[in-house]
Structure formats: C-alpha cells, structure tokens
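Colleague: So here's work-v4.pdb, just PDB, C-alpha atoms and all ligand atoms:
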ATOM      1  CA  MET A 102      94.218  23.312  44.566
ATOM      2  CA  ILE A 103      93.733  23.438  48.314
ATOM      3  CA  VAL A 104      95.859  26.232  49.763
ATOM      4  CA  SER A 105      96.423  27.781  53.167
ATOM      5  CA  THR A 106      93.938  30.398  54.290
ATOM      6  CA  LYS A 107      96.881  32.591  55.309
ATOM      7  CA  GLN A 108      98.172  32.717  51.725
ATOM      8  CA  LEU A 109      94.790  33.930  50.503
ATOM      9  CA  PHE A 110      94.630  36.566  53.237
ATOM     10  CA  LYS A 111      98.137  37.842  52.526
ATOM     11  CA  HIS A 112      97.243  38.572  48.921
ATOM     12  CA  ALA A 113      93.859  40.085  49.696
ATOM     13  CA  TYR A 114      94.522  42.234  52.769
ATOM     14  CA  GLY A 115      93.408  45.837  52.348
ATOM     15  CA  LYS A 116      92.518  45.359  48.693
ATOM     16  CA  TYR A 117      89.614  42.932  48.582
ATOM     17  CA  ALA A 118      87.862  40.238  50.640
ATOM     18  CA  VAL A 119      87.798  36.507  50.005
ATOM     19  CA  GLY A 120      84.336  34.955  49.954
ATOM     20  CA  ALA A 121      83.876  32.190  52.539
ATOM     21  CA  TYR A 122      80.891  30.127  51.470
ATOM     22  CA  ASN A 123      79.215  27.357  53.487
ATOM     23  CA  ILE A 124      78.365  24.135  51.729
ATOM     24  CA  ASN A 125      76.412  21.064  52.792
ATOM     25  CA  ASN A 126      75.806  19.049  49.657
ATOM     26  CA  LEU A 127      76.821  18.157  46.133
ATOM     27  CA  GLU A 128      74.745  20.779  44.331
ATOM     28  CA  GLN A 129      76.132  23.617  46.457
ATOM     29  CA  THR A 130      79.653  22.300  45.873
ATOM     30  CA  MET A 131      79.271  22.191  42.093
ATOM     31  CA  GLY A 132      77.601  25.627  41.951
ATOM     32  CA  LEU A 133      80.282  27.161  44.176
ATOM     33  CA  PHE A 134      83.217  25.829  42.175
ATOM     34  CA  GLN A 135      81.574  26.752  38.861
ATOM     35  CA  GLY A 136      80.797  30.295  40.076
ATOM     36  CA  CYS A 137      84.362  30.813  41.301
ATOM     37  CA  MET A 138      85.806  29.517  38.044
ATOM     38  CA  ASP A 139      83.432  31.710  36.005
ATOM     39  CA  SER A 140      84.523  34.769  38.002
ATOM     40  CA  LYS A 141      88.174  33.634  38.255
ATOM     41  CA  ALA A 142      88.214  34.032  42.030
ATOM     42  CA  PRO A 143      90.044  32.317  44.878
ATOM     43  CA  PHE A 144      87.642  31.301  47.649
ATOM     44  CA  ILE A 145      87.168  29.636  51.022
ATOM     45  CA  ILE A 146      84.840  26.685  51.575
ATOM     46  CA  GLN A 147      83.335  26.586  55.025
ATOM     47  CA  LEU A 148      82.098  23.423  56.684
ATOM     48  CA  SER A 149      80.031  23.914  59.813
ATOM     49  CA  LYS A 150      79.521  21.363  62.564
ATOM     50  CA  GLY A 151      75.952  20.936  61.271
ATOM     51  CA  ALA A 152      77.190  20.377  57.723
ATOM     52  CA  ARG A 153      79.666  17.743  58.944
ATOM     53  CA  GLN A 154      76.785  15.923  60.628
ATOM     54  CA  TYR A 155      74.234  16.336  57.802
ATOM     55  CA  THR A 156      75.484  13.337  55.817
ATOM     56  CA  HIS A 157      78.969  12.456  57.019
ATOM     57  CA  LYS A 158      82.113  14.530  57.457
ATOM     58  CA  LYS A 159      83.928  12.061  55.177
ATOM     59  CA  MET A 160      81.349  12.704  52.452
ATOM     60  CA  LEU A 161      82.190  16.410  52.501
ATOM     61  CA  GLU A 162      85.904  15.690  52.283
ATOM     62  CA  ALA A 163      85.349  13.249  49.397
ATOM     63  CA  MET A 164      83.189  15.788  47.552
ATOM     64  CA  LEU A 165      85.802  18.505  47.875
ATOM     65  CA  LYS A 166      88.654  16.233  46.800
ATOM     66  CA  THR A 167      86.627  15.248  43.738
ATOM     67  CA  ALA A 168      85.625  18.853  42.974
ATOM     68  CA  ASN A 169      89.338  19.692  43.114
ATOM     69  CA  GLU A 170      89.877  17.148  40.313
ATOM     70  CA  ILE A 171      86.895  18.325  38.263
ATOM     71  CA  PHE A 172      88.039  21.966  38.555
ATOM     72  CA  PRO A 173      91.854  21.675  38.462
ATOM     73  CA  ASP A 174      92.328  25.458  38.142
ATOM     74  CA  ALA A 175      90.408  26.289  41.324
ATOM     75  CA  ILE A 176      92.324  27.798  44.259
ATOM     76  CA  PHE A 177      90.573  27.444  47.609
ATOM     77  CA  ALA A 178      91.030  26.908  51.333
ATOM     78  CA  VAL A 179      88.962  24.516  53.460
ATOM     79  CA  HIS A 180      87.796  25.981  56.757
ATOM     80  CA  LEU A 181      85.830  24.749  59.792
ATOM     81  CA  ASP A 182      83.087  27.291  60.576
ATOM     82  CA  HIS A 183      82.055  27.969  64.218
ATOM     83  CA  GLY A 184      83.870  25.033  65.774
ATOM     84  CA  ASP A 185      83.883  24.038  69.414
ATOM     85  CA  GLU A 186      87.177  22.803  70.859
ATOM     86  CA  ALA A 187      86.512  19.107  70.199
ATOM     87  CA  THR A 188      85.479  19.688  66.568
ATOM     88  CA  CYS A 189      88.521  21.912  65.996
ATOM     89  CA  MET A 190      90.798  19.165  67.323
ATOM     90  CA  ASP A 191      89.076  16.599  65.089
ATOM     91  CA  CYS A 192      89.587  18.791  62.012
ATOM     92  CA  ILE A 193      93.189  19.549  62.955
ATOM     93  CA  GLY A 194      93.832  15.808  63.283
ATOM     94  CA  SER A 195      92.178  15.005  59.954
ATOM     95  CA  GLY A 196      94.890  16.756  57.949
ATOM     96  CA  PHE A 197      92.270  18.028  55.497
ATOM     97  CA  TYR A 198      91.524  21.544  56.732
ATOM     98  CA  SER A 199      93.466  24.712  55.889
ATOM     99  CA  SER A 200      92.056  26.508  58.927
ATOM    100  CA  VAL A 201      89.609  26.134  61.793
ATOM    101  CA  MET A 202      87.405  28.594  63.618
ATOM    102  CA  ILE A 203      87.202  28.224  67.372
ATOM    103  CA  ASP A 204      84.085  30.033  68.494
ATOM    104  CA  ALA A 205      84.372  30.602  72.218
ATOM    105  CA  SER A 206      82.800  34.048  71.990
ATOM    106  CA  GLY A 207      80.067  33.014  74.435
ATOM    107  CA  GLU A 208      82.703  32.512  77.156
ATOM    108  CA  THR A 209      84.313  35.193  79.294
ATOM    109  CA  PHE A 210      87.230  37.131  77.794
ATOM    110  CA  GLU A 211      89.785  35.107  79.782
ATOM    111  CA  LYS A 212      88.177  31.743  79.043
ATOM    112  CA  ASN A 213      87.892  32.644  75.334
ATOM    113  CA  ILE A 214      91.654  33.360  75.297
ATOM    114  CA  GLU A 215      92.427  30.123  77.155
ATOM    115  CA  ILE A 216      90.396  27.915  74.774
ATOM    116  CA  THR A 217      91.566  29.743  71.643
ATOM    117  CA  LYS A 218      95.210  29.421  72.710
ATOM    118  CA  ARG A 219      94.858  25.663  73.215
ATOM    119  CA  VAL A 220      93.384  25.291  69.732
ATOM    120  CA  ALA A 221      95.982  27.654  68.197
ATOM    121  CA  ASP A 222      98.874  25.713  69.735
ATOM    122  CA  ALA A 223      97.534  22.404  68.365
ATOM    123  CA  ALA A 224      96.708  23.885  64.959
ATOM    124  CA  HIS A 225     100.000  25.714  64.494
ATOM    125  CA  ALA A 226     101.934  22.521  65.229
ATOM    126  CA  LYS A 227     100.330  21.177  62.049
ATOM    127  CA  GLY A 228     100.545  24.358  59.968
ATOM    128  CA  ILE A 229      96.825  25.076  60.262
ATOM    129  CA  ALA A 230      95.539  28.628  60.823
ATOM    130  CA  VAL A 231      93.000  29.612  63.475
ATOM    131  CA  GLU A 232      90.127  32.083  63.363
ATOM    132  CA  ALA A 233      88.686  33.165  66.700
ATOM    133  CA  GLU A 234      85.732  35.360  67.619
ATOM    134  CA  LEU A 235      85.399  38.241  70.027
ATOM    135  CA  GLY A 236      82.209  40.202  70.679
ATOM    136  CA  LYS A 237      78.522  39.436  70.401
ATOM    137  CA  LEU A 238      77.298  39.077  66.863
ATOM    138  CA  GLY A 239      73.911  40.692  66.365
ATOM    139  CA  GLY A 240      72.260  43.693  64.856
ATOM    140  CA  VAL A 241      72.471  46.850  66.945
ATOM    141  CA  GLU A 242      69.018  48.387  67.043
ATOM    142  CA  GLU A 243      68.769  52.046  66.063
ATOM    143  CA  HIS A 244      67.280  53.148  69.366
ATOM    144  CA  VAL A 245      69.943  51.633  71.663
ATOM    145  CA  SER A 246      72.327  53.866  73.569
ATOM    146  CA  VAL A 247      76.028  54.108  72.702
ATOM    147  CA  SER A 248      76.956  52.085  75.790
ATOM    148  CA  GLU A 249      74.489  49.332  74.880
ATOM    149  CA  ALA A 250      75.889  49.250  71.346
ATOM    150  CA  ASP A 251      79.470  49.141  72.638
ATOM    151  CA  ALA A 252      78.621  46.163  74.839
ATOM    152  CA  LYS A 253      77.767  44.151  71.730
ATOM    153  CA  LEU A 254      80.416  45.355  69.314
ATOM    154  CA  THR A 255      84.019  44.201  69.516
ATOM    155  CA  ASP A 256      86.143  46.511  71.617
ATOM    156  CA  PRO A 257      89.255  47.427  69.554
ATOM    157  CA  ALA A 258      91.667  47.515  72.517
ATOM    158  CA  GLN A 259      90.356  44.164  73.772
ATOM    159  CA  ALA A 260      90.714  42.748  70.260
ATOM    160  CA  ALA A 261      94.408  43.652  70.136
ATOM    161  CA  GLU A 262      95.019  42.086  73.556
ATOM    162  CA  PHE A 263      93.004  39.005  72.596
ATOM    163  CA  VAL A 264      95.002  38.406  69.413
ATOM    164  CA  LYS A 265      98.325  38.860  71.182
ATOM    165  CA  ARG A 266      97.509  36.488  74.023
ATOM    166  CA  SER A 267      95.535  33.824  72.139
ATOM    167  CA  GLY A 268      97.818  33.486  69.111
ATOM    168  CA  CYS A 269      94.911  33.366  66.650
ATOM    169  CA  ASP A 270      95.611  34.186  62.991
ATOM    170  CA  SER A 271      92.400  36.041  62.147
ATOM    171  CA  LEU A 272      89.574  37.511  64.168
ATOM    172  CA  ALA A 273      85.827  37.487  63.679
ATOM    173  CA  CYS A 274      84.618  40.829  65.007
ATOM    174  CA  ALA A 275      81.145  41.964  65.953
ATOM    175  CA  ILE A 276      80.637  44.995  63.714
ATOM    176  CA  GLY A 277      76.852  45.110  63.496
ATOM    177  CA  THR A 278      75.983  42.012  61.468
ATOM    178  CA  SER A 279      74.125  38.901  62.567
ATOM    179  CA  HIS A 280      73.511  35.456  61.123
ATOM    180  CA  GLY A 281      70.406  34.639  59.099
ATOM    181  CA  ALA A 282      67.910  36.506  56.948
ATOM    182  CA  PHE A 283      66.718  39.127  59.439
ATOM    183  CA  LYS A 284      69.688  41.315  60.200
ATOM    184  CA  PHE A 285      68.307  44.810  60.528
ATOM    185  CA  THR A 286      64.971  46.335  61.444
ATOM    186  CA  GLY A 287      65.691  49.790  60.065
ATOM    187  CA  LYS A 288      68.542  51.681  58.500
ATOM    188  CA  GLN A 289      71.322  50.090  60.561
ATOM    189  CA  GLY A 290      74.428  48.818  58.862
ATOM    190  CA  LEU A 291      78.091  48.098  59.434
ATOM    191  CA  HIS A 292      80.017  49.931  62.133
ATOM    192  CA  PHE A 293      82.900  51.162  59.993
ATOM    193  CA  ASP A 294      84.279  53.139  62.928
ATOM    194  CA  VAL A 295      84.879  49.879  64.801
ATOM    195  CA  ILE A 296      86.511  48.201  61.785
ATOM    196  CA  LYS A 297      88.744  51.244  61.330
ATOM    197  CA  ASP A 298      89.819  51.312  64.985
ATOM    198  CA  ILE A 299      90.574  47.582  65.090
ATOM    199  CA  ALA A 300      92.547  47.709  61.817
ATOM    200  CA  LYS A 301      94.502  50.708  63.095
ATOM    201  CA  LEU A 302      95.594  48.834  66.210
ATOM    202  CA  MET A 303      96.454  45.678  64.228
ATOM    203  CA  PRO A 304      97.581  46.719  60.753
ATOM    204  CA  GLY A 305      97.807  43.785  58.369
ATOM    205  CA  PHE A 306      95.895  41.430  60.667
ATOM    206  CA  PRO A 307      92.998  39.743  58.820
ATOM    207  CA  LEU A 308      89.525  40.522  60.149
ATOM    208  CA  VAL A 309      86.508  38.343  59.455
ATOM    209  CA  MET A 310      82.929  39.448  58.941
ATOM    210  CA  HIS A 311      80.311  36.858  59.816
ATOM    211  CA  GLY A 312      76.661  37.303  58.928
ATOM    212  CA  SER A 313      77.495  38.912  55.593
ATOM    213  CA  SER A 314      74.619  37.711  53.433
ATOM    214  CA  SER A 315      72.911  40.485  51.500
ATOM    215  CA  VAL A 316      69.519  38.727  51.549
ATOM    216  CA  PRO A 317      68.723  39.974  48.015
ATOM    217  CA  GLU A 318      65.282  41.582  47.834
ATOM    218  CA  ASP A 319      64.507  39.836  44.584
ATOM    219  CA  GLU A 320      65.226  36.390  46.068
ATOM    220  CA  VAL A 321      62.974  37.130  49.035
ATOM    221  CA  ARG A 322      60.210  38.461  46.780
ATOM    222  CA  ARG A 323      60.307  35.347  44.603
ATOM    223  CA  VAL A 324      60.396  32.994  47.627
ATOM    224  CA  ASN A 325      57.344  34.768  49.040
ATOM    225  CA  PHE A 326      55.549  34.858  45.682
ATOM    226  CA  PHE A 327      55.629  31.075  45.590
ATOM    227  CA  GLY A 328      54.368  30.546  49.131
ATOM    228  CA  GLY A 329      57.355  31.435  51.320
ATOM    229  CA  LYS A 330      56.864  33.418  54.499
ATOM    230  CA  LEU A 331      59.964  35.574  54.862
ATOM    231  CA  LYS A 332      58.620  38.808  56.232
ATOM    232  CA  ASP A 333      60.949  41.784  56.727
ATOM    233  CA  ALA A 334      64.062  39.871  55.699
ATOM    234  CA  LYS A 335      67.093  42.154  55.344
ATOM    235  CA  GLY A 336      70.827  41.763  54.807
ATOM    236  CA  VAL A 337      74.067  43.694  54.525
ATOM    237  CA  SER A 338      74.301  46.176  51.644
ATOM    238  CA  GLU A 339      76.725  45.149  48.906
ATOM    239  CA  LYS A 340      78.252  48.624  48.868
ATOM    240  CA  ASP A 341      79.179  48.182  52.537
ATOM    241  CA  ILE A 342      80.682  44.751  51.868
ATOM    242  CA  THR A 343      82.953  46.145  49.153
ATOM    243  CA  LYS A 344      84.055  48.983  51.438
ATOM    244  CA  ALA A 345      84.795  46.626  54.361
ATOM    245  CA  GLY A 346      87.035  44.589  52.046
ATOM    246  CA  THR A 347      89.344  47.559  51.588
ATOM    247  CA  MET A 348      89.560  48.238  55.333
ATOM    248  CA  GLY A 349      91.042  44.976  56.648
ATOM    249  CA  VAL A 350      88.006  42.686  56.473
ATOM    250  CA  THR A 351      89.652  39.909  54.502
ATOM    251  CA  LYS A 352      87.127  37.072  54.883
ATOM    252  CA  VAL A 353      83.411  37.556  54.312
ATOM    253  CA  ASN A 354      81.138  34.710  55.466
ATOM    254  CA  ILE A 355      78.071  33.884  53.413
ATOM    255  CA  ASP A 356      75.616  31.048  53.975
ATOM    256  CA  THR A 357      72.063  32.436  54.146
ATOM    257  CA  ASP A 358      72.101  33.829  50.587
ATOM    258  CA  GLY A 359      72.888  30.356  49.241
ATOM    259  CA  ARG A 360      69.963  28.920  51.189
ATOM    260  CA  LEU A 361      67.698  31.610  49.741
ATOM    261  CA  VAL A 362      68.744  30.779  46.181
ATOM    262  CA  TRP A 363      68.087  27.093  46.947
ATOM    263  CA  CYS A 364      64.680  27.866  48.432
ATOM    264  CA  ARG A 365      63.634  30.189  45.591
ATOM    265  CA  VAL A 366      64.691  27.772  42.849
ATOM    266  CA  HIS A 367      62.897  24.804  44.405
ATOM    267  CA  ARG A 368      59.715  26.735  45.201
ATOM    268  CA  GLU A 369      59.597  28.085  41.660
ATOM    269  CA  GLN A 370      60.402  24.785  40.037
ATOM    270  CA  PHE A 371      57.760  22.800  41.886
ATOM    271  CA  ALA A 372      55.141  25.522  41.459
ATOM    272  CA  LEU A 373      55.817  25.946  37.742
ATOM    273  CA  TYR A 374      56.179  22.238  36.956
ATOM    274  CA  PRO A 375      53.739  20.523  39.359
ATOM    275  CA  GLU A 376      53.838  17.296  37.365
ATOM    276  CA  ASN A 377      57.588  16.931  38.002
ATOM    277  CA  PHE A 378      58.812  14.718  40.832
ATOM    278  CA  ASP A 379      62.363  14.246  39.587
ATOM    279  CA  LEU A 380      65.058  15.836  41.746
ATOM    280  CA  ARG A 381      67.407  16.498  38.839
ATOM    281  CA  PRO A 382      65.615  19.307  36.963
ATOM    282  CA  PRO A 383      65.467  21.629  40.013
ATOM    283  CA  GLY A 384      68.951  20.470  41.032
ATOM    284  CA  LYS A 385      70.343  21.486  37.641
ATOM    285  CA  VAL A 386      68.657  24.882  37.797
ATOM    286  CA  PHE A 387      69.950  25.419  41.341
ATOM    287  CA  MET A 388      73.561  24.639  40.406
ATOM    288  CA  ALA A 389      73.442  27.138  37.523
ATOM    289  CA  GLU A 390      71.693  29.824  39.593
ATOM    290  CA  TYR A 391      74.030  29.359  42.553
ATOM    291  CA  ALA A 392      77.068  29.612  40.256
ATOM    292  CA  CYS A 393      75.626  32.870  38.934
ATOM    293  CA  TYR A 394      75.058  34.197  42.484
ATOM    294  CA  ILE A 395      78.621  33.289  43.515
ATOM    295  CA  ALA A 396      80.190  34.915  40.453
ATOM    296  CA  GLY A 397      78.241  38.120  41.146
ATOM    297  CA  LYS A 398      79.193  38.115  44.826
ATOM    298  CA  ASN A 399      82.880  37.656  44.033
ATOM    299  CA  LYS A 400      82.677  40.829  41.922
ATOM    300  CA  VAL A 401      81.222  42.662  44.927
ATOM    301  CA  LEU A 402      84.004  41.319  47.169
ATOM    302  CA  GLY A 403      86.688  42.270  44.674
ATOM    303  CA  SER A 404      88.034  38.695  44.547
ATOM    304  CA  ALA A 405      86.768  38.181  40.977
ATOM    305  CA  GLY A 406      89.629  38.194  38.486
ATOM    306  CA  LYS A 407      92.299  37.612  41.167
ATOM    307  CA  LEU A 408      92.835  33.889  40.527
ATOM    308  CA  GLU A 409      95.935  34.134  38.340
ATOM    309  CA  GLU A 410      97.569  36.803  40.526
ATOM    310  CA  VAL A 411      97.121  34.515  43.521
ATOM    311  CA  ARG A 412      98.469  31.507  41.629
ATOM    312  CA  LYS A 413     101.667  33.440  40.890
ATOM    313  CA  VAL A 414     102.390  34.172  44.557
ATOM    314  CA  LEU A 415     101.638  30.688  45.905
TER     315      LEU A 415
HETATM  316  O1  LIG B   1      77.111  30.752  60.939
HETATM  317  C1  LIG B   1      76.576  29.682  60.740
HETATM  318  C2  LIG B   1      76.434  29.153  59.372
HETATM  319  O2  LIG B   1      75.407  29.824  58.710
HETATM  320  C3  LIG B   1      76.293  27.668  59.376
HETATM  321  O3  LIG B   1      75.006  27.270  59.700
HETATM  322  O4  LIG B   1      75.411  25.612  61.512
HETATM  323  O5  LIG B   1      73.248  25.647  60.246
HETATM  324  O6  LIG B   1      75.331  24.857  59.145
HETATM  325  P1  LIG B   1      74.728  25.747  60.196
HETATM  326  P1  LIG B   2      74.909  34.640  56.929
HETATM  327  O1  LIG B   2      73.863  34.018  57.777
HETATM  328  O2  LIG B   2      74.749  36.120  56.826
HETATM  329  O3  LIG B   2      75.019  34.019  55.586
HETATM  330  O4  LIG B   2      76.336  34.393  57.673
HETATM  331  C1  LIG B   2      76.977  33.165  57.556
HETATM  332  C2  LIG B   2      78.119  33.034  58.512
HETATM  333  O5  LIG B   2      78.515  33.957  59.177
HETATM  334  C3  LIG B   2      78.744  31.715  58.596
HETATM  335  O6  LIG B   2      79.737  31.664  59.588
HETATM  336 ZN    ZN B   3      79.223  32.839  61.304
END
Could you show the structure in this file as structure tokens?
Ligand code: G3H
Ligand code: 13P
Ligand code: ZN
Modeller:
Amino acid sequence: MIVSTKQLFKHAYGKYAVGAYNINNLEQTMGLFQGCMDSKAPFIIQLSKGARQYTHKKMLEAMLKTANEIFPDAIFAVHLDHGDEATCMDCIGSGFYSSVMIDASGETFEKNIEITKRVADAAHAKGIAVEAELGKLGGVEEHVSVSEADAKLTDPAQAAEFVKRSGCDSLACAIGTSHGAFKFTGKQGLHFDVIKDIAKLMPGFPLVMHGSSSVPEDEVRRVNFFGGKLKDAKGVSEKDITKAGTMGVTKVNIDTDGRLVWCRVHREQFALYPENFDLRPPGKVFMAEYACYIAGKNKVLGSAGKLEEVRKVL
C-alpha cells in the first residue's frame, strides 16, 4: 500500500528511522520489497532524477504499482530524491509520489527558501509532503577548525528559520555524512551535537540523514577480491545510525550499499562461473542478497517489526 511519508514519520519520530532506499531497476525493486516483508518493516522508495532517466519514469511507476500487487502487505511511500524545481513539479503533477525532495542547498539561504516555498505550496495543494535540504553535505575532516566545520554543518538556528519560512515538512541536514563509498578518512562520524540542537529547536519535526550507507567492510573486501578497486572505502557506523534514529532523524537514505551488493554479487558470479553468460543466475542471487541486506538494515534502523503497528494507525 502506498502511504504518505508524513504518516510513516509520525509513527517513527524519536523511536526509530524509516529506511529510504533508492531503486533503479526490477531486481532492486524485488529485493527491496522482499527484504521489507521479511523484516516486517515500512519503508520509503526513493527515485532520483537519474533513476527516472535510466529507463523511463513510467517504467519505475509501473514497476512499483506491480510490486504493490505482488506484495499486498507492504506499506511504503514513494519519494523523489534530490529533485530540482522542474522535476519536483513533474512528480507533483503525476499524482504518483507521496513526497518530493527539493534540493536547493547549493543556492543562498534566501534563494533556497524561495525555491522550497514554491515547491511546498504546489505540493501541499495536492497533499504531497516536501523534504528540503540545508547545509553542505560532506565529511568534515578531523584536522579542520571548529569554524570550518560549522560552515559545512547545518546551523540549528538557521534550520528553524528555514523550516518556518519555507513550509517544508522534513529537513535534510548536514551532520557529517556524504554521498558515496568514501565518507571518512579517519575516525570522523556523525555530529550528534548538531542533531541534538536542531531537534531541540524543532521538537517532533522529522530530520533526514543523507549519505547513510555503512559501506560494509565485507562487501568492499569481496568486491576488491574479485578485481574491484575500492580503496579506503568507508561508511557510517551502524551503531551511530541506530542512535540517530532515536534523536529525531526519521528518514535514513541509503543507495551506495545497494550498489555495493550489486557489484559484489556480479563480480563473484562472473568470476566463479566464467562459462555463464545468462543474466538470470546473477540476477536471482542479487535479489536474494539484496533482500537479506535490506532486512538486516531495517533491524539497525529499528523499523523491522513495525509493519503491523503502522498499519493500525493508518
Ligand atoms: O544521493 C543520490 C543518490 O545516491 C542517487 O544517485 O542520482 O546516481 O541516482 P543517482
Ligand atoms: P549513500 O550514498 O550513503 O547511500 O546516500 C544515499 C543518499 O543520500 C540518497 O539521497
Ligand atoms: Zn542524498
């Protein structure tokens, strides 16, 4: 069942985080649904601009509608990830999305508010929720000064003003993470002080953590063993993810880990079975392995086992 992102957030806030997983194709879709059913978790499916262009945006919609029929017990929201204004408006008009993310974080504070407000007004008229972003996502190196770190991380007072003036429904904050497989060079991690300060100023307001892949060491080792070249890859510790979920981080975005599972499975499969040229054997293994990854991650997030509780409050 496709539900509103807001409903999922309301149930989760302060207790656990909902996993927001990016998908691009059929195998990821099947693995994601299976993993969420196995772990009995509500979830968010994220479609990026790149994913919408990979085959066709209509193909993604058709896949999700069909997955909804194949897995009738699933409870999920459909979300546009990192949209620009035009893509947000397209998704709002399509009537298919539960929520959109307007990412104007590269603009000035005032311009970010202006763009986000335009998107929020259009989205709210159709009952669609809006995620916005404030701050510069990116790892904060250990040697940088406090003022340099503050320049990157979301400023709590600015966040409160931004939310009030833009009308967004959730906020992606820069709290030390970055996208991709190379997040930290040393012992850096999440800036819990920043999360705490933002949540204190906006109690009950859902915060979003982008760049939340854990980049599992074992996946990286196996990718590299079969010819990959992922040197010094590092992600967010799972302990930190669980903690953030109890502090107001209600949506945790994960894409890279899924790509790593895909890469590891296909490297292994083609190395171990060099005579095979059929796409289905590795595809089957990937779907099962991805489902297993998702189920494990939902346990870390605390969303595992929450499906029936959520169904009752819908
Ligand atoms: O944050 C970005 C997501 O990982 C989506 O990546 O734009 O390559 O689909 P993409
Ligand atoms: P990762 O690159 O850590 O998976 O983050 C994905 C993300 O933030 C999507 O918006
Ligand atoms: Zn992101």
Colleague: Taking only C-alpha atoms and all ligand atoms into account, list the residues no farther than 12 Å from ligand ZN 3 (chain B), as a ChimeraX atom specification.
Modeller: /A:121-123,147-150,180-184,202-204,206,232-235,237-239,272-275,278-281,309-314,352-357
Colleague: Point out the residue among A:Asp358, A:Asp174, A:Asp139, A:Glu211 with the least atom-to-atom distance to ligand LIG 1 (chain B), counting all atoms listed in the file.
Modeller: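 The closest residue to ligand LIG 1 (chain B) is A:Asp358.
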Colleague: Report the residues retrieved by the PyMOL selection byres (((chain A and resi 337-351) around 10) and not hetatm) from the displayed file, expressed as JSON, numbers by chain.
Modeller: {"A": [109, 110, 111, 112, 113, 114, 115, 116, 117, 118, 119, 120, 121, 271, 272, 273, 274, 277, 278, 279, 282, 283, 284, 285, 289, 290, 291, 292, 293, 296, 297, 299, 300, 301, 303, 304, 305, 306, 307, 308, 309, 310, 312, 313, 314, 315, 316, 317, 335, 336, 352, 353, 398, 399, 400, 401, 402, 403, 404]}
Colleague: List the residues matched by the PyMOL selection byres (((chain A and resi 258) around 10) and not hetatm) in the displayed structure as a ChimeraX atom specification, ordered by chain and then by residue number.
Modeller: /A:255-257,259-263,298-299,302-303
Colleague: What does the structure give for the distance between CA of Asn213 in chain A and CA of Ile146 in chain A, in Å to one decimal?
Modeller: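 Computing the Euclidean distance for CA of Asn213 in chain A and CA of Ile146 in chain A yields 24.7 Å.
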